[in-house]
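Shown next: model05.cif, containing mmCIF, C-alpha atoms and all ligand atoms.
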```cif
data_query
loop_
_atom_site.label_atom_id
_atom_site.label_comp_id
_atom_site.auth_asym_id
_atom_site.auth_seq_id
_atom_site.Cartn_x
_atom_site.Cartn_y
_atom_site.Cartn_z
CA MET A 1 25.16 45.18 -56.07
CA ASP A 2 23.65 47.90 -53.85
CA TYR A 3 25.10 48.31 -50.35
CA PRO A 4 24.48 51.02 -47.76
CA GLY A 5 28.24 51.79 -47.59
CA ASN A 6 30.39 53.60 -50.17
CA LEU A 7 33.42 52.11 -51.86
CA PHE A 8 36.56 54.18 -52.48
CA VAL A 9 39.60 53.00 -54.42
CA VAL A 10 42.91 54.80 -53.98
CA SER A 11 45.72 54.03 -56.45
CA ALA A 12 49.15 55.55 -56.93
CA PRO A 13 52.64 54.61 -57.98
CA SER A 14 54.62 53.14 -55.13
CA GLY A 15 55.92 55.92 -52.85
CA ALA A 16 53.42 58.61 -53.90
CA GLY A 17 51.92 58.48 -50.42
CA LYS A 18 48.62 56.62 -50.68
CA SER A 19 49.05 54.57 -47.47
CA SER A 20 50.03 57.70 -45.54
CA LEU A 21 46.97 59.57 -46.85
CA VAL A 22 44.54 56.70 -46.30
CA ASN A 23 45.86 56.07 -42.77
CA ALA A 24 45.49 59.77 -41.94
CA LEU A 25 41.94 59.75 -43.35
CA MET A 26 41.00 56.73 -41.22
CA GLU A 27 42.39 58.36 -38.09
CA LEU A 28 40.10 61.34 -38.67
CA ASP A 29 37.07 59.36 -39.79
CA SER A 30 36.22 56.07 -38.06
CA HIS A 31 33.45 55.41 -40.57
CA VAL A 32 36.09 54.71 -43.24
CA GLN A 33 37.47 51.20 -42.96
CA PRO A 34 40.30 49.47 -44.81
CA SER A 35 40.13 46.25 -46.75
CA VAL A 36 43.01 43.88 -46.01
CA SER A 37 44.33 42.36 -49.23
CA HIS A 38 46.02 39.02 -49.83
CA THR A 39 49.52 39.02 -51.30
CA THR A 40 52.27 36.60 -52.23
CA ARG A 41 54.95 39.21 -51.38
CA ALA A 42 57.02 38.72 -48.24
CA PRO A 43 56.27 40.93 -45.23
CA ARG A 44 58.54 43.99 -44.91
CA GLY A 45 59.53 45.97 -41.83
CA GLN A 46 57.00 45.64 -39.01
CA GLU A 47 54.16 44.33 -41.21
CA LYS A 48 51.88 41.76 -39.56
CA HIS A 49 49.75 39.01 -41.11
CA GLY A 50 46.11 40.14 -41.09
CA ARG A 51 46.94 43.81 -40.44
CA GLU A 52 48.68 45.23 -43.56
CA TYR A 53 48.07 42.07 -45.64
CA TYR A 54 47.25 38.39 -45.46
CA PHE A 55 50.61 36.98 -46.58
CA VAL A 56 49.98 33.75 -48.50
CA SER A 57 51.96 31.36 -50.69
CA GLN A 58 51.50 31.28 -54.48
CA PRO A 59 49.55 27.95 -54.30
CA GLU A 60 47.24 29.45 -51.66
CA PHE A 61 46.70 32.54 -53.83
CA ASP A 62 46.03 30.36 -56.91
CA ALA A 63 43.48 28.32 -54.95
CA MET A 64 41.65 31.54 -54.02
CA ILE A 65 41.56 32.59 -57.69
CA ALA A 66 40.17 29.16 -58.63
CA SER A 67 37.43 29.38 -55.99
CA ASN A 68 36.44 32.89 -57.20
CA ALA A 69 37.31 34.35 -53.79
CA PHE A 70 38.69 37.59 -55.26
CA VAL A 71 36.61 40.51 -56.47
CA GLU A 72 39.81 41.70 -58.21
CA TRP A 73 43.43 40.59 -58.36
CA ALA A 74 46.56 41.56 -60.28
CA GLN A 75 50.28 41.04 -60.59
CA VAL A 76 52.13 44.11 -59.33
CA HIS A 77 55.94 44.52 -59.19
CA GLY A 78 56.31 40.75 -59.66
CA ASN A 79 53.94 39.64 -56.86
CA CYS A 80 50.24 38.80 -56.76
CA TYR A 81 47.78 40.95 -54.83
CA GLY A 82 44.02 40.51 -54.47
CA THR A 83 40.94 41.82 -52.66
CA SER A 84 38.68 39.09 -51.34
CA ARG A 85 34.93 39.53 -51.74
CA ARG A 86 34.63 38.85 -48.03
CA ALA A 87 36.99 41.72 -47.16
CA ILE A 88 34.65 44.32 -48.60
CA GLU A 89 31.11 42.99 -48.93
CA GLU A 90 30.60 42.29 -45.20
CA ARG A 91 31.75 45.78 -44.24
CA MET A 92 29.78 47.58 -46.93
CA ALA A 93 26.66 45.60 -46.05
CA GLN A 94 27.05 46.91 -42.48
CA GLY A 95 27.09 50.46 -43.86
CA ALA A 96 30.81 51.17 -43.54
CA ASP A 97 32.66 53.15 -46.21
CA VAL A 98 35.42 50.85 -47.42
CA VAL A 99 38.69 52.09 -48.91
CA LEU A 100 40.85 49.89 -51.11
CA GLU A 101 44.52 50.76 -51.66
CA ILE A 102 45.17 48.84 -54.83
CA ASP A 103 46.91 49.24 -58.18
CA PHE A 104 45.27 50.62 -61.32
CA GLN A 105 44.52 47.17 -62.83
CA GLY A 106 42.55 46.24 -59.71
CA ALA A 107 40.87 49.65 -59.59
CA LEU A 108 39.53 49.25 -63.12
CA GLN A 109 38.29 45.72 -62.33
CA ILE A 110 36.49 47.08 -59.24
CA LYS A 111 34.68 49.69 -61.37
CA GLN A 112 33.33 46.87 -63.55
CA VAL A 113 31.82 45.13 -60.51
CA PHE A 114 30.85 48.17 -58.41
CA ALA A 115 29.81 50.90 -60.84
CA ASN A 116 29.36 53.37 -57.96
CA ALA A 117 32.91 52.92 -56.66
CA VAL A 118 34.86 56.18 -56.57
CA LEU A 119 38.35 55.88 -58.08
CA VAL A 120 41.03 58.28 -56.80
CA PHE A 121 44.55 58.45 -58.23
CA ILE A 122 47.39 60.01 -56.21
CA LEU A 123 50.30 61.60 -58.11
CA PRO A 124 53.66 62.69 -56.69
CA PRO A 125 54.68 66.29 -57.46
CA SER A 126 57.75 65.16 -59.47
CA TRP A 127 59.92 62.17 -60.38
CA GLU A 128 62.68 63.44 -58.11
CA GLU A 129 60.34 63.61 -55.14
CA LEU A 130 58.94 60.12 -55.88
CA ARG A 131 62.43 58.62 -55.87
CA SER A 132 63.40 60.52 -52.76
CA ARG A 133 60.24 59.34 -50.87
CA LEU A 134 61.00 55.71 -51.74
CA GLU A 135 64.61 56.16 -50.61
CA ARG A 136 63.69 58.02 -47.42
CA ARG A 137 61.11 55.35 -46.53
CA GLY A 138 64.05 52.99 -46.35
CA GLU A 139 62.03 49.78 -46.66
CA ASP A 140 63.03 48.61 -50.15
CA THR A 141 66.35 47.62 -51.70
CA GLU A 142 67.82 49.76 -54.52
CA ASP A 143 66.72 47.05 -57.03
CA VAL A 144 63.13 47.12 -55.78
CA ILE A 145 63.09 50.94 -55.87
CA GLU A 146 64.31 50.93 -59.50
CA LYS A 147 61.63 48.39 -60.46
CA ARG A 148 58.90 50.47 -58.76
CA LEU A 149 60.09 53.66 -60.49
CA THR A 150 60.13 51.89 -63.86
CA ASN A 151 56.56 50.67 -63.31
CA ALA A 152 55.45 54.13 -62.11
CA ALA A 153 55.42 55.61 -65.64
CA GLN A 154 52.97 52.98 -66.88
CA GLU A 155 50.84 53.37 -63.74
CA MET A 156 50.67 57.18 -63.93
CA ALA A 157 49.53 56.98 -67.56
CA GLN A 158 46.28 55.45 -66.20
CA ALA A 159 45.44 58.44 -63.99
CA CYS A 160 43.05 59.91 -66.59
CA LYS A 161 40.77 56.84 -66.23
CA PHE A 162 40.09 57.69 -62.59
CA ASP A 163 37.25 59.84 -61.22
CA PHE A 164 39.64 62.12 -59.29
CA VAL A 165 43.37 62.90 -59.33
CA ILE A 166 45.14 64.38 -56.28
CA ILE A 167 48.70 65.72 -56.37
CA ASN A 168 50.32 64.83 -53.06
CA GLU A 169 52.81 67.66 -52.68
CA VAL A 170 51.80 69.30 -49.40
CA PHE A 171 50.46 66.42 -47.32
CA GLU A 172 47.74 68.37 -45.47
CA ARG A 173 46.43 69.81 -48.74
CA ALA A 174 46.21 66.34 -50.33
CA LEU A 175 44.48 64.99 -47.22
CA PHE A 176 41.94 67.81 -47.41
CA ASP A 177 41.26 66.88 -51.06
CA LEU A 178 40.75 63.22 -50.16
CA LYS A 179 38.41 64.11 -47.27
CA SER A 180 36.42 66.36 -49.61
CA ILE A 181 35.95 63.54 -52.12
CA VAL A 182 34.70 61.19 -49.38
CA HIS A 183 32.36 63.86 -48.06
CA ALA A 184 31.00 64.69 -51.53
CA GLN A 185 30.29 61.02 -52.24
CA ARG A 186 28.39 60.67 -48.96
CA LEU A 187 26.25 63.69 -49.84
CA LYS A 188 25.62 62.30 -53.33
CA TYR A 189 24.61 58.92 -51.93
CA ALA A 190 22.36 60.55 -49.32
CA ALA A 191 20.69 62.63 -52.05
CA GLN A 192 20.08 59.50 -54.14
CA ARG A 193 18.46 57.74 -51.19
CA CYS A 194 16.48 60.85 -50.35
CA SER A 195 15.13 61.11 -53.88
CA ARG A 196 13.54 57.69 -53.37
CA SER A 197 12.09 58.72 -50.02
CA ASP A 198 8.73 59.99 -48.83
CA THR A 199 10.29 63.41 -48.05
CA PHE A 200 10.83 64.14 -51.73
CA ALA A 201 7.39 62.82 -52.59
CA SER A 202 5.71 64.91 -49.89
CA LEU A 203 7.55 68.03 -51.12
CA GLY A 204 6.37 67.20 -54.61
CA ILE A 205 9.86 67.05 -56.13
CA CYS A 206 11.57 64.42 -58.34
N1 LIG B 1 53.21 64.91 -49.01
C1 LIG B 1 54.29 64.25 -48.61
N2 LIG B 1 55.46 64.91 -48.46
C2 LIG B 1 56.59 64.26 -48.06
N3 LIG B 1 56.65 62.93 -47.80
C3 LIG B 1 55.52 62.21 -47.94
C4 LIG B 1 54.28 62.82 -48.36
N4 LIG B 1 53.35 61.86 -48.41
C5 LIG B 1 53.94 60.71 -48.05
N5 LIG B 1 55.25 60.91 -47.76
C6 LIG B 1 56.27 59.92 -47.37
O1 LIG B 1 56.61 59.19 -48.56
C7 LIG B 1 56.89 57.81 -48.25
C8 LIG B 1 55.99 56.92 -49.11
O2 LIG B 1 54.65 57.06 -48.65
P1 LIG B 1 53.67 55.79 -48.57
O3 LIG B 1 54.35 54.62 -47.94
O4 LIG B 1 52.42 56.29 -47.96
O5 LIG B 1 53.50 55.52 -50.15
P2 LIG B 1 52.58 54.44 -50.92
O6 LIG B 1 52.05 55.13 -52.11
O7 LIG B 1 51.57 53.86 -50.00
O8 LIG B 1 53.64 53.34 -51.36
P3 LIG B 1 53.45 51.74 -51.59
O9 LIG B 1 52.51 51.54 -52.71
O10 LIG B 1 54.83 51.26 -51.91
O11 LIG B 1 52.94 51.13 -50.30
C9 LIG B 1 56.66 57.64 -46.75
O12 LIG B 1 57.91 57.71 -46.09
C10 LIG B 1 55.78 58.86 -46.38
O13 LIG B 1 55.98 59.27 -45.04
N1 LIG B 2 45.29 44.98 -57.61
C1 LIG B 2 45.69 45.03 -56.33
N2 LIG B 2 46.75 45.77 -55.99
C2 LIG B 2 47.09 45.84 -54.69
C3 LIG B 2 46.37 45.17 -53.69
N3 LIG B 2 46.95 45.41 -52.49
C4 LIG B 2 47.98 46.22 -52.73
N4 LIG B 2 48.07 46.48 -54.07
C5 LIG B 2 49.06 47.33 -54.75
O1 LIG B 2 50.31 46.70 -54.86
C6 LIG B 2 51.33 47.69 -54.95
C7 LIG B 2 52.48 47.36 -54.06
O2 LIG B 2 52.09 47.36 -52.71
P1 LIG B 2 53.19 47.15 -51.56
O3 LIG B 2 52.41 47.06 -50.29
O4 LIG B 2 53.94 45.91 -51.90
O5 LIG B 2 54.08 48.36 -51.62
C8 LIG B 2 50.66 49.02 -54.59
O6 LIG B 2 50.42 49.72 -55.80
C9 LIG B 2 49.38 48.58 -53.96
O7 LIG B 2 48.39 49.55 -54.10
C10 LIG B 2 45.23 44.39 -54.08
O8 LIG B 2 44.52 43.76 -53.27
N5 LIG B 2 44.93 44.37 -55.40
#
```

Go through the file and emit its structure as structure tokens.
Amino acid sequence: MDYPGNLFVVSAPSGAGKSSLVNALMELDSHVQPSVSHTTRAPRGQEKHGREYYFVSQPEFDAMIASNAFVEWAQVHGNCYGTSRRAIEERMAQGADVVLEIDFQGALQIKQVFANAVLVFILPPSWEELRSRLERRGEDTEDVIEKRLTNAAQEMAQACKFDFVIINEVFERALFDLKSIVHAQRLKYAAQRCSRSDTFASLGIC
């Protein structure tokens, strides 16, 4: 599938800071838009249906799988999460750059469907800092934090399959890295389009 917009996938173990980085990126760059996923997990804190997630029941999620509504889905930390085709294809067709904040299983599924998708993995600087970020966030019970830390080892082992890895130690530095990746992909895409254009032909190149 060839759309005018770019597709970015950002994955990380829970607490590494991907939502913070993606939100900061979107504040700086209105051309980058989020995709709102569906999940069977319960809302936490101030989360609202249709903003952070579409919160659905397991039967509703299963019905969406059966009707092929998801471009990718996975079980993460005991709940189901999925990206609907609708959530991304409409926006990319309009030329927006879409960013998915999803786990590594979903990221690798996305690469199968959208070969041009750019996969970015965010790492915390240390295990101690990862635990402390989850605790400081204060949104999960101790049990949930332990489960997320246990899963983090398996998730981080997948980082080498991604196109880029960013270590989120100093937030502004990590944000700069993420912005640079988005910018580089836009230049690459523009160059590809340009190479099919009359400008290249008239200059006698490619
Ligand atoms: N570079 C950083 N230094 C210190 N704290 C940070 C940094 N980046 C993010 N944080 C903090 O760490 C906590 C976890 O960040 P965030 O919620 O963005 O993680 P996440 O990867 O999106 O987690 P989840 O997958 O569970 O949604 C938040 O309280 C956030 O403010
Ligand atoms: N494969 C998918 N993973 C997703 C999707 N939406 C979110 N996620 C990942 O789930 C975990 C937990 O998220 P939380 O909001 O409960 O903390 C995290 O790794 C997300 O990236 C999705 O649509 N598909």

Legend entry - For CA of Arg91 in chain A and CA of Gly5 in chain A, the interatomic separation in Å (one decimal): 7.7 Å

Inset, instruction - Residues up to 6 Å from ligand LIG 1 (chain B), counting only C-alpha atoms and all ligand atoms: could you list those as a PyMOL selection string? - result: chain A and resi 12-20+133-134+136-137+168-171

Write the residues of the preceding selection, restricted to C-alpha atoms, as a PDB file, in the frame of the given file.
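Saved to part_17.pdb:
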```
ATOM      1  CA  ALA A  12      49.150  55.550 -56.930  1.00  0.00           C
ATOM      2  CA  PRO A  13      52.640  54.610 -57.980  1.00  0.00           C
ATOM      3  CA  SER A  14      54.620  53.140 -55.130  1.00  0.00           C
ATOM      4  CA  GLY A  15      55.920  55.920 -52.850  1.00  0.00           C
ATOM      5  CA  ALA A  16      53.420  58.610 -53.900  1.00  0.00           C
ATOM      6  CA  GLY A  17      51.920  58.480 -50.420  1.00  0.00           C
ATOM      7  CA  LYS A  18      48.620  56.620 -50.680  1.00  0.00           C
ATOM      8  CA  SER A  19      49.050  54.570 -47.470  1.00  0.00           C
ATOM      9  CA  SER A  20      50.030  57.700 -45.540  1.00  0.00           C
ATOM     10  CA  ARG A 133      60.240  59.340 -50.870  1.00  0.00           C
ATOM     11  CA  LEU A 134      61.000  55.710 -51.740  1.00  0.00           C
ATOM     12  CA  ARG A 136      63.690  58.020 -47.420  1.00  0.00           C
ATOM     13  CA  ARG A 137      61.110  55.350 -46.530  1.00  0.00           C
ATOM     14  CA  ASN A 168      50.320  64.830 -53.060  1.00  0.00           C
ATOM     15  CA  GLU A 169      52.810  67.660 -52.680  1.00  0.00           C
ATOM     16  CA  VAL A 170      51.800  69.300 -49.400  1.00  0.00           C
ATOM     17  CA  PHE A 171      50.460  66.420 -47.320  1.00  0.00           C
TER      18      PHE A 171
END
```

Inset, instruction - Please identify all polymer residues within 6 Å of range 29-34 of chain A, counting only C-alpha atoms, omitting same-chain residues fewer than 6 positions from it, and present them as JSON, numbers by chain. - result: {"A": [96, 97, 98, 99]}

Inset, instruction - Would you list the contacts of range 111-120 of chain A as a PyMOL selection string, taking every protein, DNA or RNA residue within 10 Å and counting all atoms listed in the file, but skipping same-chain residues closer than 3 positions in sequence? - result: chain A and resi 1-3+6-12+18+71-72+98-101+104+106-108+123+159+161-166+178+181-182+185+189

Legend entry - Å distance separating CA of Ile88 in chain A from CA of Pro4 in chain A, one decimal place: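 For CA of Ile88 in chain A relative to CA of Pro4 in chain A, the distance reads 12.2 Å.
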
Range 83-94 of chain A, all listed atoms, 6 Å padding on each side: what axis-aligned box centre and edge lengths in Å to one decimal come out, as AutoDock Vina command-line options?
```
--center_x 33.8 --center_y 43.2 --center_z -47.6 --size_x 26.3 --size_y 20.7 --size_z 22.2
```

Legend entry - Test item: residues at most 12 Å from range 44-56 of chain A, all atoms listed in the file, excluding those fewer than 6 positions along its chain, as a list in words: Ser19, Asn23, Pro34, Ser35, Val36, Ser37, His38, Asp62, Ala63, Met64, Asn79, Cys80, Tyr81, Gly82, Thr83, Ser84, Ala87, Leu100, Glu101, Ile102, Arg137, Gly138, Glu139, Asp140 and Thr141 of chain A

Inset, instruction - Tell me which of A:Ala66, A:Ala24, A:Val144, A:Ala93 sits closest to ligand LIG 2 (chain B), counting only C-alpha atoms and all ligand atoms. - result: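 Answer, going by the shortest atom-to-atom distance: A:Val144.
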
Legend entry - Nearest to ligand LIG 2 (chain B) by atom-to-atom distance, counting only C-alpha atoms and all ligand atoms, from A:Ile65, A:Leu25, A:Ala42, A:Val76: A:Val76

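Nearest to ligand LIG 2 (chain B) of all the residues A:Phe61, A:Trp73, A:Trp127, A:Phe176 is A:Trp73, based on only C-alpha atoms and all ligand atoms.
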
Legend entry - For Val22 in chain A, the nearest of the candidates A:Leu149, A:Ala201, A:Cys160, A:Leu175, counting all atoms listed in the file: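 Result for the nearest residue to Val22 in chain A: A:Leu175.
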
Inset, instruction - In Å, rounded to a single decimal, give me how far CA of Gln109 in chain A is from atom N1 of ligand LIG 2 (chain B). - result: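 Interatomic distance, atom N1 of ligand LIG 2 (chain B) to CA of Gln109 in chain A: 8.5 Å.
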
Legend entry - Best match for closeness to ligand LIG 2 (chain B) among A:Arg173, A:Arg41, A:Arg86, A:Lys147, counting only C-alpha atoms and all ligand atoms: A:Arg41

Legend entry - Proximity to ligand LIG 2 (chain B) - best of A:Asp103, A:Glu90, A:Glu155, A:Asp177, only C-alpha atoms and all ligand atoms: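 Answer, going by the shortest atom-to-atom distance: A:Asp103.
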